[in-house]
file start.cif (mmCIF, C-alpha atoms)
data_start
loop_
_atom_site.label_atom_id
_atom_site.label_comp_id
_atom_site.auth_asym_id
_atom_site.auth_seq_id
_atom_site.Cartn_x
_atom_site.Cartn_y
_atom_site.Cartn_z
CA MET A 1481 -208.03 78.62 -46.52
CA THR A 1482 -208.97 76.35 -43.62
CA ASP A 1483 -212.50 75.83 -44.84
CA ARG A 1484 -213.17 72.05 -44.43
CA THR A 1485 -216.89 71.56 -44.78
CA LYS A 1486 -218.56 69.63 -47.59
CA THR A 1487 -215.59 69.08 -49.82
CA ASP A 1488 -213.51 67.34 -47.19
CA LYS A 1489 -213.51 63.54 -47.81
CA PRO A 1490 -216.54 63.45 -50.14
CA ASN A 1491 -216.30 59.69 -50.85
CA SER A 1492 -215.91 58.47 -47.30
CA ALA A 1493 -217.34 54.92 -46.95
CA LEU A 1494 -219.08 55.68 -43.65
CA ALA A 1495 -220.41 59.23 -43.59
CA ARG A 1496 -221.25 60.86 -40.30
CA ARG A 1497 -225.01 60.37 -40.63
CA ASP A 1498 -224.69 56.82 -41.92
CA LEU A 1499 -223.38 55.81 -38.54
CA PHE A 1500 -226.90 55.55 -37.10
CA ARG A 1501 -228.18 53.47 -40.00
CA VAL A 1502 -225.29 51.02 -39.73
CA ALA A 1503 -225.59 50.87 -35.97
CA GLY A 1504 -229.31 50.13 -36.27
CA LEU A 1505 -228.68 47.27 -38.66
CA GLY A 1506 -226.06 45.91 -36.29
CA VAL A 1507 -228.45 45.93 -33.30
CA GLY A 1508 -231.11 44.22 -35.39
CA ALA A 1509 -228.69 41.50 -36.44
CA LEU A 1510 -227.57 40.97 -32.83
CA GLY A 1511 -231.20 40.64 -31.73
CA ALA A 1512 -231.89 38.06 -34.40
CA VAL A 1513 -228.84 36.07 -33.32
CA ALA A 1514 -229.93 36.25 -29.65
CA VAL A 1515 -233.47 35.04 -30.46
CA GLY A 1516 -232.03 32.21 -32.52
CA ALA A 1517 -229.72 31.21 -29.66
CA VAL A 1518 -232.60 31.11 -27.14
CA ALA A 1519 -234.71 29.09 -29.55
CA VAL A 1520 -231.91 26.57 -29.92
CA THR A 1521 -230.85 26.26 -26.25
CA GLY A 1522 -234.24 26.80 -24.56
CA PRO A 1523 -234.80 28.32 -21.11
CA ALA A 1524 -232.09 27.82 -18.50
CA GLU A 1525 -234.43 26.18 -16.02
CA ALA A 1526 -235.71 23.48 -18.31
CA ALA A 1527 -236.36 20.21 -16.55
CA PRO A 1528 -234.36 17.14 -17.59
CA ALA A 1529 -235.64 14.77 -20.23
CA ASP A 1530 -237.28 12.44 -17.72
CA SER A 1531 -239.74 15.14 -16.58
CA THR A 1532 -242.61 13.41 -18.36
CA THR A 1533 -242.26 10.28 -16.25
CA THR A 1534 -241.37 11.84 -12.88
CA THR A 1535 -243.67 14.53 -11.56
CA GLY A 1536 -242.48 14.86 -7.97
CA TYR A 1537 -239.19 16.08 -6.60
CA ARG A 1538 -236.12 15.51 -8.73
CA GLU A 1539 -232.70 17.08 -8.74
CA THR A 1540 -232.79 19.47 -11.64
CA ASP A 1541 -230.16 22.12 -12.32
CA HIS A 1542 -232.46 24.59 -10.62
CA VAL A 1543 -232.63 22.51 -7.43
CA ARG A 1544 -228.89 21.88 -7.42
CA LYS A 1545 -228.32 25.62 -7.71
CA VAL A 1546 -230.56 26.28 -4.69
CA TYR A 1547 -228.60 23.76 -2.61
CA GLU A 1548 -225.35 25.33 -3.75
CA LEU A 1549 -226.53 28.83 -2.83
CA SER A 1550 -227.61 27.62 0.61
CA ARG A 1551 -224.06 26.58 1.45
CA PHE A 1552 -222.70 29.89 2.63
CA MET B 84 -236.14 7.81 -2.19
CA ALA B 85 -235.72 11.45 -1.23
CA ARG B 86 -237.71 12.64 1.79
CA MET B 87 -238.94 16.22 1.66
CA LYS B 88 -238.34 18.29 4.78
CA PHE B 89 -238.25 21.88 5.96
CA LEU B 90 -235.59 23.16 8.31
CA CYS B 91 -235.49 26.65 9.83
CA ASP B 92 -232.12 27.85 11.06
CA ALA B 93 -233.12 30.12 13.97
CA GLU B 94 -229.61 31.62 14.07
CA ARG B 95 -230.12 33.03 10.58
CA CYS B 96 -233.77 34.09 10.43
CA ILE B 97 -234.04 37.88 10.42
CA GLU B 98 -237.85 38.03 10.59
CA CYS B 99 -238.17 39.68 7.20
CA ASN B 100 -241.37 37.72 6.37
CA ALA B 101 -240.32 37.26 2.75
CA CYS B 102 -241.21 33.56 3.03
CA VAL B 103 -244.73 34.46 4.18
CA THR B 104 -245.21 36.90 1.32
CA ALA B 105 -243.70 34.59 -1.27
CA CYS B 106 -245.97 31.71 -0.24
CA LYS B 107 -249.06 33.90 -0.20
CA ASN B 108 -248.33 35.30 -3.64
CA GLU B 109 -247.13 32.15 -5.37
CA ASN B 110 -250.06 30.02 -4.25
CA GLU B 111 -252.69 32.78 -4.26
CA VAL B 112 -253.65 31.76 -0.73
CA PRO B 113 -257.16 32.93 0.27
CA TRP B 114 -257.84 35.73 2.75
CA GLY B 115 -257.50 34.74 6.38
CA VAL B 116 -254.98 31.97 5.74
CA ASN B 117 -251.23 32.16 6.07
CA ARG B 118 -249.72 28.84 5.19
CA ARG B 119 -246.43 30.07 6.58
CA ARG B 120 -245.83 32.43 9.51
CA VAL B 121 -242.80 33.90 11.22
CA VAL B 122 -242.97 33.33 14.97
CA THR B 123 -240.89 34.93 17.73
CA ILE B 124 -239.79 32.69 20.56
CA ASN B 125 -238.59 33.99 23.94
CA ASP B 126 -239.92 37.38 22.93
CA GLY B 127 -238.13 40.20 24.75
CA LYS B 128 -235.92 37.83 26.70
CA PRO B 129 -232.30 36.83 26.27
CA GLY B 130 -232.03 34.25 23.52
CA GLU B 131 -234.93 35.66 21.50
CA ARG B 132 -235.18 34.00 18.11
CA THR B 133 -237.53 34.04 15.17
CA ILE B 134 -238.50 31.02 13.16
CA SER B 135 -240.51 30.46 10.04
CA VAL B 136 -243.28 27.94 10.66
CA ALA B 137 -245.54 26.05 8.28
CA CYS B 138 -246.60 22.45 7.87
CA MET B 139 -243.49 20.39 8.61
CA HIS B 140 -244.81 17.38 6.69
CA CYS B 141 -244.32 15.16 9.73
CA SER B 142 -243.20 11.58 9.29
CA ASP B 143 -246.15 10.39 11.38
CA ALA B 144 -248.55 13.26 10.80
CA PRO B 145 -251.06 13.83 13.64
CA CYS B 146 -253.46 15.64 11.27
CA LYS B 147 -253.61 12.50 9.17
CA ALA B 148 -254.19 10.38 12.26
CA VAL B 149 -257.19 12.35 13.54
CA CYS B 150 -258.99 13.12 10.26
CA PRO B 151 -262.41 11.40 10.45
CA VAL B 152 -262.83 11.28 6.66
CA ASP B 153 -259.22 10.27 5.97
CA CYS B 154 -258.62 13.08 3.52
CA PHE B 155 -254.88 13.30 4.28
CA TYR B 156 -252.30 11.25 2.49
CA GLN B 157 -248.53 11.18 2.34
CA THR B 158 -246.65 10.97 -0.94
CA ASP B 159 -243.72 8.61 -1.47
CA GLN B 160 -241.48 11.58 -0.87
CA GLY B 161 -242.98 12.33 2.54
CA VAL B 162 -245.12 15.33 1.63
CA VAL B 163 -248.38 15.42 3.61
CA LEU B 164 -251.24 16.51 1.36
CA HIS B 165 -254.99 16.58 1.68
CA ASN B 166 -257.96 16.21 -0.59
CA LYS B 167 -260.25 19.23 -0.43
CA ASP B 168 -263.04 17.29 -2.11
CA LEU B 169 -263.18 14.96 0.89
CA CYS B 170 -262.55 17.50 3.67
CA ILE B 171 -265.66 18.24 5.74
CA GLY B 172 -264.17 21.12 7.73
CA CYS B 173 -264.44 19.54 11.17
CA GLY B 174 -261.28 21.25 12.42
CA TYR B 175 -259.74 18.24 14.19
CA CYS B 176 -256.50 18.58 12.22
CA PHE B 177 -256.14 22.17 13.38
CA TYR B 178 -256.17 21.06 17.01
CA ALA B 179 -253.95 18.05 16.39
CA CYS B 180 -251.17 19.87 14.54
CA PRO B 181 -248.29 20.95 16.84
CA PHE B 182 -247.38 23.71 14.35
CA GLY B 183 -250.84 25.19 13.75
CA ALA B 184 -250.53 24.50 10.06
CA PRO B 185 -254.06 23.59 8.89
CA GLN B 186 -256.29 26.64 8.76
CA TYR B 187 -259.68 27.77 7.48
CA PRO B 188 -260.28 30.69 5.17
CA GLN B 189 -261.77 33.59 7.12
CA ALA B 190 -263.75 35.90 4.90
CA GLY B 191 -265.79 37.70 7.58
CA ASN B 192 -265.54 38.74 11.21
CA PHE B 193 -267.11 35.52 12.43
CA GLY B 194 -265.18 33.25 10.12
CA THR B 195 -266.51 30.95 7.50
CA ARG B 196 -265.96 27.27 7.66
CA GLY B 197 -265.17 25.35 4.58
CA LYS B 198 -262.23 23.38 3.34
CA MET B 199 -259.10 23.34 5.40
CA ASP B 200 -256.04 24.86 3.77
CA LYS B 201 -252.40 24.03 4.48
CA CYS B 202 -248.90 24.14 3.05
CA THR B 203 -248.45 21.63 0.23
CA PHE B 204 -244.64 21.88 0.03
CA CYS B 205 -245.46 23.60 -3.29
CA SER B 206 -246.52 20.25 -4.70
CA GLY B 207 -250.22 20.75 -5.41
CA GLY B 208 -252.75 18.07 -4.57
CA PRO B 209 -254.50 15.01 -5.94
CA GLU B 210 -255.55 16.73 -9.17
CA GLU B 211 -253.56 16.44 -12.36
CA ASP B 212 -250.12 18.05 -12.05
CA MET B 213 -249.97 21.73 -13.02
CA SER B 214 -253.65 21.78 -14.00
CA GLU B 215 -255.94 24.77 -13.45
CA ALA B 216 -258.06 22.84 -10.94
CA GLU B 217 -254.99 21.93 -8.91
CA PHE B 218 -253.78 25.51 -8.84
CA LYS B 219 -257.16 26.87 -7.72
CA LYS B 220 -257.49 24.41 -4.85
CA TYR B 221 -253.93 23.91 -3.68
CA GLY B 222 -251.67 26.43 -5.36
CA ARG B 223 -248.58 26.06 -7.50
CA ASN B 224 -246.95 22.68 -8.12
CA ARG B 225 -243.30 23.72 -8.14
CA LEU B 226 -242.01 20.24 -7.40
CA ALA B 227 -243.51 19.04 -10.68
CA GLU B 228 -241.77 21.98 -12.38
CA GLY B 229 -238.45 20.74 -11.04
CA LYS B 230 -238.17 23.44 -8.37
CA LEU B 231 -238.36 23.72 -4.57
CA PRO B 232 -240.89 25.57 -2.38
CA LEU B 233 -240.64 29.27 -3.07
CA CYS B 234 -240.49 30.26 0.63
CA ALA B 235 -237.12 28.51 0.93
CA GLU B 236 -235.86 29.64 -2.45
CA MET B 237 -236.72 33.25 -1.63
CA CYS B 238 -235.08 33.28 1.82
CA SER B 239 -232.37 35.93 1.66
CA THR B 240 -230.26 34.53 4.50
CA LYS B 241 -231.08 30.91 3.59
CA ALA B 242 -232.40 30.39 7.11
CA LEU B 243 -235.24 28.36 5.68
CA LEU B 244 -234.12 25.22 3.93
CA ALA B 245 -236.34 22.85 2.00
CA GLY B 246 -235.79 19.75 -0.06
CA ASP B 247 -234.25 16.34 0.27
CA ALA B 248 -233.69 15.64 3.98
CA ASP B 249 -230.16 14.37 3.34
CA LYS B 250 -229.15 17.52 1.50
CA VAL B 251 -230.85 19.86 3.94
CA SER B 252 -229.33 18.21 7.01
CA ASP B 253 -225.88 18.18 5.37
CA ILE B 254 -226.09 21.94 4.75
CA TYR B 255 -227.24 22.57 8.31
CA ARG B 256 -224.53 20.31 9.74
CA GLU B 257 -221.86 22.26 7.87
CA ARG B 258 -223.18 25.49 9.36
CA VAL B 259 -223.23 24.13 12.90
CA VAL B 260 -219.67 22.87 12.54
CA ALA B 261 -218.54 26.22 11.12
CA ARG B 262 -220.06 28.33 13.88
CA GLY B 263 -219.52 25.81 16.66
CA PHE B 264 -222.99 25.96 18.25
CA GLY B 265 -226.70 25.74 17.58
CA SER B 266 -227.44 22.15 16.74
CA GLY B 267 -231.14 22.46 17.57
CA ALA B 268 -232.98 22.36 14.29
CA TRP B 269 -236.26 23.81 15.45
CA GLY B 270 -239.27 21.53 15.02
CA TRP B 271 -237.35 18.52 13.75
CA GLY B 272 -237.71 16.59 16.98
CA THR B 273 -241.47 17.12 16.98
CA ALA B 274 -241.98 16.42 13.31
CA TYR B 275 -239.56 13.64 12.49
CA GLN B 276 -238.44 11.88 15.68
CA THR B 277 -240.02 9.72 18.36
CA LYS B 278 -239.76 10.56 22.05
CA ASN B 279 -236.70 8.31 22.26
CA GLY B 280 -234.98 10.42 19.64
CA GLN B 281 -235.23 7.79 16.93
CA GLU B 282 -235.89 8.83 13.37
CA ARG B 283 -239.45 7.98 12.40
CA ASP B 284 -238.47 7.41 8.77
CA GLN B 285 -235.93 4.78 9.75
CA LEU B 286 -238.47 3.06 11.98
CA ARG B 287 -241.01 2.98 9.20
CA GLU B 288 -238.51 1.57 6.71
CA ARG B 289 -237.53 -1.08 9.23
CA LYS B 290 -241.19 -2.03 9.74
CA GLN B 291 -241.78 -2.23 6.02
CA GLY B 292 -238.74 -4.47 5.65
CA GLN B 293 -240.06 -6.98 8.21
#

call {"tool": "encode", "arguments": {"input": "start.cif", "output": "structure tokens"}}
result
Amino acid sequence: MTDRTKTDKPNSALARRDLFRVAGLGVGALGAVAVGAVAVTGPAEAAPADSTTTTGYRETDHVRKVYELSRF
Amino acid sequence: MARMKFLCDAERCIECNACVTACKNENEVPWGVNRRRVVTINDGKPGERTISVACMHCSDAPCKAVCPVDCFYQTDQGVVLHNKDLCIGCGYCFYACPFGAPQYPQAGNFGTRGKMDKCTFCSGGPEEDMSEAEFKKYGRNRLAEGKLPLCAEMCSTKALLAGDADKVSDIYRERVVARGFGSGAWGWGTAYQTKNGQERDQLRERKQGQ
């Protein structure tokens, strides 16, 4: 009378075992988005546009961050 | 024009030697040479302090003054560098330096003379920036990468400061005001001031202006 095995919700859109497949696709999509974002924005420590003309010291974001961290 | 300077805050240095290790690793410094060392002053006495010492890139560098082949030069930003292709290994700079910065690689028990090695403020040498030849002779060129010397960047307590003299001295001044003591920036008098206490950089600029 309380037997709820295979016949219970036979047409469910997301079956129990499909969960892993869907989750895998989701992770893959997230990875692709992340790679795309890095390709668009570039590394965080990139030098400013004038790096080709100036090779010595210059105040990049990286250098400014070091100064900021030293003020504690 | 920014002037590059080191400043070691003796009140903050905890003698962890991370700066020494970072320098050695980043620049692949040869055996027998430590471009940076941590030194204890007043060892075992009241007021004992430790300081991180390397080439201070003096305004009027004595190593540059005594070199018989004139292999030292100073960049526009005040970094004292040398040309290993010109160096003859006479050792005069070692004796002239008040900080013991220039050193020779020591591969055996009796030492081997060759080209002098010293801190480059992580800015390479006369070779092309970030080239393989520059790295092999002088180490990493972090200034060209838009960064600061790794010893200072790695310092966990930020006792070691490096960079534009104005910025570095501002940071140190804020600390001295906050704690109310300790205005002696170790080595600055020797490296950057005359005996009268005048700034060598200002004197030089004044001379150039005349």

call {"tool": "interface_residues", "arguments": {"input": "start.cif", "of": "chain A", "to": "chain B", "cutoff": "6 Å", "atoms": "all atoms listed in the file", "output": "PyMOL selection string"}}
result
chain A and resi 1527+1535-1537+1540+1543+1550

call {"tool": "resolve_selection", "arguments": {"input": "start.cif", "expression": "the PyMOL selection byres ((chain B and resi 107-112) around 9)", "output": "count of residues only"}}
result
22

call {"tool": "atom_distance", "arguments": {"input": "start.cif", "atom1": "atom CA of Phe155 of chain B", "atom2": "atom CA of Cys170 of chain B"}}
result
8.8 Å

call {"tool": "residues_near_point", "arguments": {"input": "start.cif", "point": "(-264.5, 22.8, 4.9)", "cutoff": "6 Å", "atoms": "all atoms listed in the file", "output": "list in words"}}
result
Cys170, Ile171, Gly172, Arg196, Gly197, Lys198 and Met199 of chain B

call {"tool": "atom_distance", "arguments": {"input": "start.cif", "atom1": "atom CA of Phe182 of chain B", "atom2": "atom CA of Ala137 of chain B"}}
result
6.8 Å

call {"tool": "resolve_selection", "arguments": {"input": "start.cif", "expression": "the PyMOL selection byres ((chain B and resi 149) around 10)", "output": "list in words"}}
result
Ala144, Pro145, Cys146, Lys147, Ala148, Cys150, Pro151, Val152, Asp153, Phe155, Gly174, Tyr175, Cys176, Phe177, Tyr178, Ala179 and Cys180 of chain B

call {"tool": "atom_distance", "arguments": {"input": "start.cif", "atom1": "atom CA of Asp249 of chain B", "atom2": "atom CA of Lys88 of chain B"}}
result
9.2 Å
